[in-house]
Structures are given as C-alpha cells and as structure tokens.
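Structure, as structure tokens:
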Amino acid sequence: MDRMESRAPEPQVVTRRIEPDRLLVRLTGDWRLDRGVPDLAPLCAAVEADQALRQISFDTTELAGWSSSLVAFLNQCREVCQARQIAFDPTGLPDRLRRLLDLAAAMPGAGIVRPQAAQPSWVAQVGLKALAWKAATVESVEFIGQVALALSRWVRGHRSFRKTDALLLAQQAGAEALPIVALIALLVGMILAFVGAVQLERFGASIYVADLVAIAMAREMGCMMTAIIMCGRTGASYAAALGTMKVNQELDAFAVFGISPMDFLVLPRLLALLAMMPLLTVFADVVGVLGGFVVAMSMLDLSAMEYWLETRNALNLTQFNAGLIKSVAFAVVIGVTACLRGLQCGTDAAAVGRATTSAVVTGITWIIATDAIFAVVYNALGI
C-alpha cells in the first residue's frame, strides 16, 4: 500500500486554451495534504494577463485522488474568477467536490487556507504606525473630554452612579491598599536612609540623613511609589473589570437602558482615586520617614529627638504640597488610562488580559513622564 501511494503522480495544474475566451484547467495527480498543493500564482498570472478570457472550466479525468487541499485550491481559484468577473464552470469536477465547493461558498473562510498577504514596505509600515498613533491620540483626547463632561455634570448635581458603589470603590482603592503601600514605603525609606548613611558618614554629616529621607519621600518617592502601586493594583483591577463587562456585553446592556458607562462606571472610579491618592501619599510619606528613622537609629546612633528636629527643619509646607499635587495628577493618569484600556478591550477571552497589561504599562509610563514634567515645572518656579 505504501509503495503504491509513493508511486502516485504529484499534483499538477496544466492550462490549455480551447476557445478564444475559454481556458481549460487540467488537474492531474494525487491531490492530498501530504503531497502539498501546487502554487496558484501561475494560474492567477495567466488569468490577469489574458484580458479576453471569459470562462474557466476543468478536466479531472486524470485526477488520482483528492482531499481538502483541492477544495482550498479551487475555492481560491473561484475567488480570483469572481474578482475578474470570469465565469467559473465546475461541471468538469466530481460531484462530491462540487458539493464541497458550494458548502465553502456558503461559509466563506471556514477551513480554507488563504495565501498570505504581501508584507508592506517599511515606508508603508511607518505610515500605518503613524495613522494608528493618530487614531489612538484622537480617541484618548475624546475620552478625556467625555470624562471632563461627566465630572462637570457631577459637580452640577446630576449624579448617575450609586453612592454605595462609590464608597465601595473608595474602600478598595484606599483602606485595602494600606498594607502594600506601607510595606513599599517602609522599604523605600530604609533604602534611602541606608544609601545616604553610607555616603554622608564619610563627611561627618550623618544627621543629614533625616533631610534626605524626608525631602525625597515628600517630593518624589512617596507619591510616585504610591502611584506605581495603585497602577499595578487598582488600575489593573479597573481595566479588567471594564474589559470583562465589555466581553460579557454588559456595556451594551447599559446603552440599551440609556445609562452612560462614563457616568455610571468611569466617574466613580476616578473620584475614588482622586479622594484616596492624596491620603495614601501622606501615609506613605510618614511610613517612609519612619523607615529612615529605623536605619538612622541602628546605623548612626542618632537619637529620636535629633532625627525628629532635623526632619521638621528640612520639611516645609511647600515640599509637602509638591508631593500632594503630584498625587492628584497621578490619580487622574491612573484612572483615565485604566478605564480607557478597559473600554477599548476586545470581545475575545484573551482581550481582557491584553487590556489589563496595556493599562499597567501605559499607566506607569505616563506616571514617570508626568513626574518628569512636574520636575521641570517645579524647577522653573523655584519650588
């Protein structure tokens, strides 16, 4: 049996003009998947080059055997004929093969292997990337505008979300985030104190470790580390929740009932972050200073009073407010990015994971970019 199959002729396509406007395609050999499928390109080139061609017919008298590979080949050939408005005559094909072709035509694309599209040039790829970036930018700006309109409606007293939902979101974004914020802030404060102690001890300026930890936590590390934690924790949760609602068509149900997802879903999440981020930043500043105090006490033999007085002298209201203003901006970045990615989620199962990952990566990127912008502005203002 194996020797007989190995001697079966290879699949071939032979074309012959039988009339001025009619082309006969002879299909010979064994058309099975393990023997490969002849390339359709020569036949397509012949069809494109012959402007007088009006009909294609087939001869399968020398066809040794066939499988779904022949169905795919003929279906692609028929699509080429339809594009050129050439009659596709299947009368010369076996009856079973004609029925399969009719079934493939009733369900286009089902089980048919189509030729891959040509890879665009690098110039075209740059243009497509630019157009995609432009569309994403326009969509982001429109989303920010819709959020601003929803916020203005809430300020005027037109509240569409439930108060219990807002309180629950505030609890999830605030109280439930305290343990992880405390742990990270404590470690960051200890690291800052340790690095500062190693260097400042060489110059006999160990007391300035308190200044380093206090200013760094109040201006930069407290608000930024809190924002990164909230982006990976709460922002990812928002994107996953909204993405899941879109996959389950719950957002469509909101639209049917005339409920705006922007007012009912996005706005309470953004308000919860705006309310909790400054409080979490203050908490992180205090814990970070305590972490620096622990290191200073253990490594530098500083007293608690010395450390406290130096911290109080280093900090002022301007330094403290600089971090709080950043925390509000970071809250807007996290809320807008997470909700936008959630609403942009696709409808397949893997889309929720992609939306969540994109929300975290985009959010952290914009947090760092926003912090850099604040650094330039504060330096220009002399803060």
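Residue numbering restarts at 1 for every chain of the structure tokens, chains are lettered A, B, ... in their displayed order, and ligands are numbered from 1 as they appear.
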Practice item. Could you tell me, as a PyMOL selection string, which residues of region 30-243 of chain A DSSP assigns to strand (DSSP E) when given the backbone? Key: chain A and resi 30-31+55-59+63-66+87-88
Residues near Asp348 (chain A), anyone? I mean within 12 Å using only C-alpha atoms, not counting same-chain ones fewer than 6 positions away, as a tab-separated table (two decimals) with N, CA and C atoms, in the first residue's frame.
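Output (result.tsv):
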chain	number	residue	atom	x	y	z
A	243	GLY	N	-13.15	45.61	31.07
A	243	GLY	CA	-12.95	44.72	29.93
A	243	GLY	C	-13.84	43.49	30.00
A	244	THR	N	-13.99	42.92	31.18
A	244	THR	CA	-14.88	41.77	31.34
A	244	THR	C	-16.33	42.15	31.06
A	245	MET	N	-16.73	43.33	31.49
A	245	MET	CA	-18.09	43.79	31.22
A	245	MET	C	-18.32	43.97	29.72
A	246	LYS	N	-17.29	44.41	29.00
A	246	LYS	CA	-17.45	44.54	27.56
A	246	LYS	C	-17.52	43.18	26.89
A	247	VAL	N	-16.69	42.24	27.33
A	247	VAL	CA	-16.72	40.90	26.76
A	247	VAL	C	-18.08	40.25	27.00
A	248	ASN	N	-18.64	40.44	28.18
A	248	ASN	CA	-19.95	39.87	28.51
A	248	ASN	C	-21.13	40.70	27.99
A	249	GLN	N	-20.83	41.75	27.21
A	249	GLN	CA	-21.85	42.61	26.60
A	249	GLN	C	-22.69	43.36	27.64
A	354	ARG	N	-4.92	41.36	27.67
A	354	ARG	CA	-4.17	42.38	26.93
A	354	ARG	C	-4.53	43.78	27.41
A	355	ALA	N	-5.81	44.03	27.68
A	355	ALA	CA	-6.22	45.35	28.15
A	355	ALA	C	-5.62	45.65	29.53
Near Met225 (chain A), counting only C-alpha atoms, which residues have an atom at most 12 Å away, once you skip same-chain residues fewer than 5 positions from it, shown as a compact mmCIF listing (two decimals) with N, CA and C atoms, in the first residue's frame?
# COMPACT_ATOMS: atom_id res chain seq x y z
N ILE A 180 0.02 47.13 51.44
CA ILE A 180 1.07 47.09 50.43
C ILE A 180 1.76 48.45 50.32
N VAL A 181 1.01 49.55 50.47
CA VAL A 181 1.63 50.87 50.44
C VAL A 181 2.57 51.04 51.62
N ALA A 182 2.17 50.57 52.81
CA ALA A 182 3.02 50.68 53.99
C ALA A 182 4.31 49.88 53.82
N LEU A 183 4.21 48.68 53.28
CA LEU A 183 5.39 47.85 53.10
C LEU A 183 6.38 48.50 52.13
N ILE A 184 5.89 48.94 50.98
CA ILE A 184 6.78 49.53 49.98
C ILE A 184 7.38 50.84 50.49
N ALA A 185 6.56 51.69 51.13
CA ALA A 185 7.07 52.96 51.64
C ALA A 185 8.13 52.74 52.72
N LEU A 186 7.90 51.77 53.60
CA LEU A 186 8.88 51.47 54.64
C LEU A 186 10.21 51.04 54.04
N LEU A 187 10.15 50.15 53.05
CA LEU A 187 11.38 49.68 52.41
C LEU A 187 12.09 50.79 51.66
N VAL A 188 11.32 51.64 50.96
CA VAL A 188 11.93 52.75 50.23
C VAL A 188 12.61 53.72 51.20
N GLY A 189 11.94 54.05 52.31
CA GLY A 189 12.56 54.93 53.30
C GLY A 189 13.83 54.33 53.89
N ALA A 216 13.07 63.50 50.05
CA ALA A 216 12.86 62.54 48.97
C ALA A 216 11.49 61.90 49.05
N MET A 217 11.06 61.55 50.25
CA MET A 217 9.74 60.93 50.39
C MET A 217 8.63 61.93 50.13
N ALA A 218 8.76 63.15 50.61
CA ALA A 218 7.69 64.14 50.47
C ALA A 218 7.54 64.62 49.03
N ARG A 219 8.66 64.83 48.33
CA ARG A 219 8.59 65.41 46.99
C ARG A 219 8.44 64.35 45.90
N GLU A 220 9.12 63.23 46.03
CA GLU A 220 9.21 62.29 44.92
C GLU A 220 8.72 60.88 45.25
N MET A 230 -0.58 51.72 42.98
CA MET A 230 -2.01 51.82 42.66
C MET A 230 -2.28 51.51 41.19
N CYS A 231 -1.32 51.83 40.34
CA CYS A 231 -1.49 51.50 38.92
C CYS A 231 -1.48 49.99 38.72
N GLY A 232 -0.54 49.31 39.37
CA GLY A 232 -0.49 47.86 39.22
C GLY A 232 -1.58 47.12 39.97
N MET A 277 -5.82 58.90 46.69
CA MET A 277 -4.40 59.03 46.39
C MET A 277 -3.68 60.03 47.29
N LEU A 280 -3.26 58.33 50.71
CA LEU A 280 -2.25 57.28 50.67
C LEU A 280 -0.85 57.86 50.55
N THR A 281 -0.71 59.00 49.85
CA THR A 281 0.60 59.63 49.73
C THR A 281 1.08 60.15 51.08
N VAL A 282 0.20 60.78 51.83
CA VAL A 282 0.58 61.23 53.18
C VAL A 282 0.97 60.05 54.05
N PHE A 283 0.21 58.98 53.97
CA PHE A 283 0.54 57.77 54.73
C PHE A 283 1.89 57.22 54.33
N ALA A 284 2.17 57.19 53.01
CA ALA A 284 3.46 56.68 52.54
C ALA A 284 4.60 57.58 53.00
N ASP A 285 4.40 58.89 53.02
CA ASP A 285 5.45 59.81 53.49
C ASP A 285 5.80 59.53 54.94
N GLY A 288 7.56 56.14 55.24
CA GLY A 288 8.92 56.22 54.70
C GLY A 288 9.86 56.93 55.65
N GLY A 323 4.36 67.15 46.68
CA GLY A 323 4.02 65.74 46.51
C GLY A 323 2.53 65.50 46.42
N LYS A 326 1.28 66.29 42.93
CA LYS A 326 1.64 65.19 42.04
C LYS A 326 0.70 64.01 42.21
N SER A 327 0.33 63.72 43.45
CA SER A 327 -0.53 62.55 43.70
C SER A 327 -1.88 62.72 43.02
N PHE A 330 -1.32 62.05 39.37
CA PHE A 330 -1.13 60.62 39.16
C PHE A 330 -2.46 59.87 39.24
N ILE A 364 2.08 53.29 34.13
CA ILE A 364 3.39 53.51 34.75
C ILE A 364 4.24 54.44 33.87
N ILE A 367 2.97 57.89 34.38
CA ILE A 367 3.30 58.37 35.73
C ILE A 367 4.72 58.93 35.76
N ILE A 368 5.65 58.20 35.18
CA ILE A 368 7.05 58.67 35.17
C ILE A 368 7.19 59.91 34.29
N ASP A 371 5.81 62.83 36.20
CA ASP A 371 6.74 63.23 37.25
C ASP A 371 7.89 64.05 36.67
Practice item. Name all residues at most 10 Å from Asp21 (chain A) (count only C-alpha atoms; drop same-chain ones fewer than 3 positions away) and give them as a ChimeraX atom specification. Key: /A:17-18,50-56,86
Could the residues in this selection be written to a file with C-alpha atoms, as an mmCIF file, in the first residue's frame?
data_model
loop_
_atom_site.group_PDB
_atom_site.id
_atom_site.type_symbol
_atom_site.label_atom_id
_atom_site.label_comp_id
_atom_site.auth_asym_id
_atom_site.auth_seq_id
_atom_site.Cartn_x
_atom_site.Cartn_y
_atom_site.Cartn_z
ATOM 1 C CA ARG A 17 -6.844 27.437 -24.377
ATOM 2 C CA ILE A 18 -9.742 25.598 -26.032
ATOM 3 C CA ASP A 50 -5.350 37.478 -20.608
ATOM 4 C CA GLN A 51 -7.878 40.275 -20.998
ATOM 5 C CA ALA A 52 -10.021 38.270 -23.443
ATOM 6 C CA LEU A 53 -10.656 35.396 -21.028
ATOM 7 C CA ARG A 54 -14.316 34.999 -20.030
ATOM 8 C CA GLN A 55 -14.649 31.407 -18.692
ATOM 9 C CA ILE A 56 -12.610 28.753 -16.893
ATOM 10 C CA ILE A 86 -14.771 35.456 -15.188
#
Review point. Which residue, A:Ala41, A:Leu290, A:Pro9, A:Leu279, has the smallest gap to Thr28 (chain A) when you use only C-alpha atoms?
Key: A:Pro9
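Picture a line from CA of Val286 (chain A) to CA of Pro179 (chain A); it runs 13.7 Å.
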Check your understanding: Which residue, A:Ala136, A:Val295, A:Val328, A:Val47, has the smallest gap to Thr226 (chain A) when you use only C-alpha atoms?
Key ->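 Among A:Ala136, A:Val295, A:Val328, A:Val47, it is A:Val328 that comes nearest to Thr226 (chain A).
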Exercise for review: For CA of Ser57 (chain A) and CA of Asp30 (chain A), quote the distance in Å rounded to one decimal.
Suggested key: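 According to the coordinates, CA of Ser57 (chain A) and CA of Asp30 (chain A) are separated by 19.4 Å.
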Point to revise | Within 7 Å of region 140-152 of chain A using only C-alpha atoms, minus same-chain residues under 3 positions, as JSON, numbers by chain | key: {"A": [136, 137, 155, 156, 262, 263, 267]}
Exercise for review: Between A:Ala350, A:Ala272, A:Ala64, A:Met221, single out the one closest to Ala331 (chain A), counting only C-alpha atoms.
Suggested key: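 Of the candidates, the smallest distance to Ala331 (chain A) is held by A:Ala272.
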Review point. Which of these residues is nearest to Thr61 (chain A), using only C-alpha atoms: A:Ala375, A:Leu178, A:Ala329, A:Pro94?
Key: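 Using only C-alpha atoms, the shortest distance to Thr61 (chain A) belongs to A:Pro94.
Relative to CA of Ala210 (chain A), CA of Glu310 (chain A) is found at 6.1 Å.
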Using only C-alpha atoms, determine which residues lie at most 12 Å from Thr318 (chain A), disregarding the query and same-chain residues fewer than 3 positions distant; provide the list as a JSON list (two decimals) with N, CA and C atoms, in the first residue's frame.
[["chain", "number", "residue", "atom", "x", "y", "z"],
["A", 215, "ILE", "N", 12.84, 64.83, 52.51],
["A", 215, "ILE", "CA", 12.60, 65.56, 51.26],
["A", 215, "ILE", "C", 12.31, 64.60, 50.12],
["A", 218, "ALA", "N", 8.76, 63.15, 50.61],
["A", 218, "ALA", "CA", 7.69, 64.14, 50.47],
["A", 218, "ALA", "C", 7.54, 64.62, 49.03],
["A", 219, "ARG", "N", 8.66, 64.83, 48.33],
["A", 219, "ARG", "CA", 8.59, 65.41, 46.99],
["A", 219, "ARG", "C", 8.44, 64.35, 45.90],
["A", 314, "ALA", "N", 13.86, 70.27, 57.86],
["A", 314, "ALA", "CA", 14.03, 70.03, 56.41],
["A", 314, "ALA", "C", 12.73, 70.19, 55.65],
["A", 315, "LEU", "N", 11.64, 69.78, 56.27],
["A", 315, "LEU", "CA", 10.35, 69.81, 55.58],
["A", 315, "LEU", "C", 9.64, 71.13, 55.82],
["A", 321, "ASN", "N", 3.32, 70.00, 49.92],
["A", 321, "ASN", "CA", 2.29, 70.21, 48.90],
["A", 321, "ASN", "C", 2.73, 69.79, 47.51],
["A", 322, "ALA", "N", 4.02, 69.86, 47.23],
["A", 322, "ALA", "CA", 4.53, 69.44, 45.92],
["A", 322, "ALA", "C", 4.21, 67.97, 45.66],
["A", 323, "GLY", "N", 4.36, 67.15, 46.68],
["A", 323, "GLY", "CA", 4.02, 65.74, 46.51],
["A", 323, "GLY", "C", 2.53, 65.50, 46.42],
["A", 324, "LEU", "N", 1.74, 66.26, 47.17],
["A", 324, "LEU", "CA", 0.29, 66.09, 47.12],
["A", 324, "LEU", "C", -0.28, 66.47, 45.76],
["A", 325, "ILE", "N", 0.23, 67.55, 45.17],
["A", 325, "ILE", "CA", -0.23, 67.95, 43.84],
["A", 325, "ILE", "C", 0.09, 66.87, 42.82],
["A", 378, "TYR", "N", 8.53, 72.55, 38.53],
["A", 378, "TYR", "CA", 8.93, 72.97, 39.87],
["A", 378, "TYR", "C", 10.28, 73.69, 39.84],
["A", 381, "LEU", "N", 9.74, 77.18, 38.60],
["A", 381, "LEU", "CA", 9.06, 78.00, 39.60],
["A", 381, "LEU", "C", 9.89, 78.20, 40.86],
["A", 382, "GLY", "N", 11.02, 77.50, 40.95],
["A", 382, "GLY", "CA", 11.85, 77.63, 42.14],
["A", 382, "GLY", "C", 11.35, 76.92, 43.35],
["A", 383, "ILE", "N", 10.55, 75.88, 43.14],
["A", 383, "ILE", "CA", 9.99, 75.11, 44.27],
["A", 383, "ILE", "C", 10.94, 74.00, 44.66]]
Point to revise | 12 Å contact set for Ser303 (chain A), only C-alpha atoms, chain neighbours under 6 positions out, as a list in words | key: Ser206, Ile207, Ala210, Phe293, Val294, Val295, Ala296, Met297, Leu309 and Glu310 of chain A
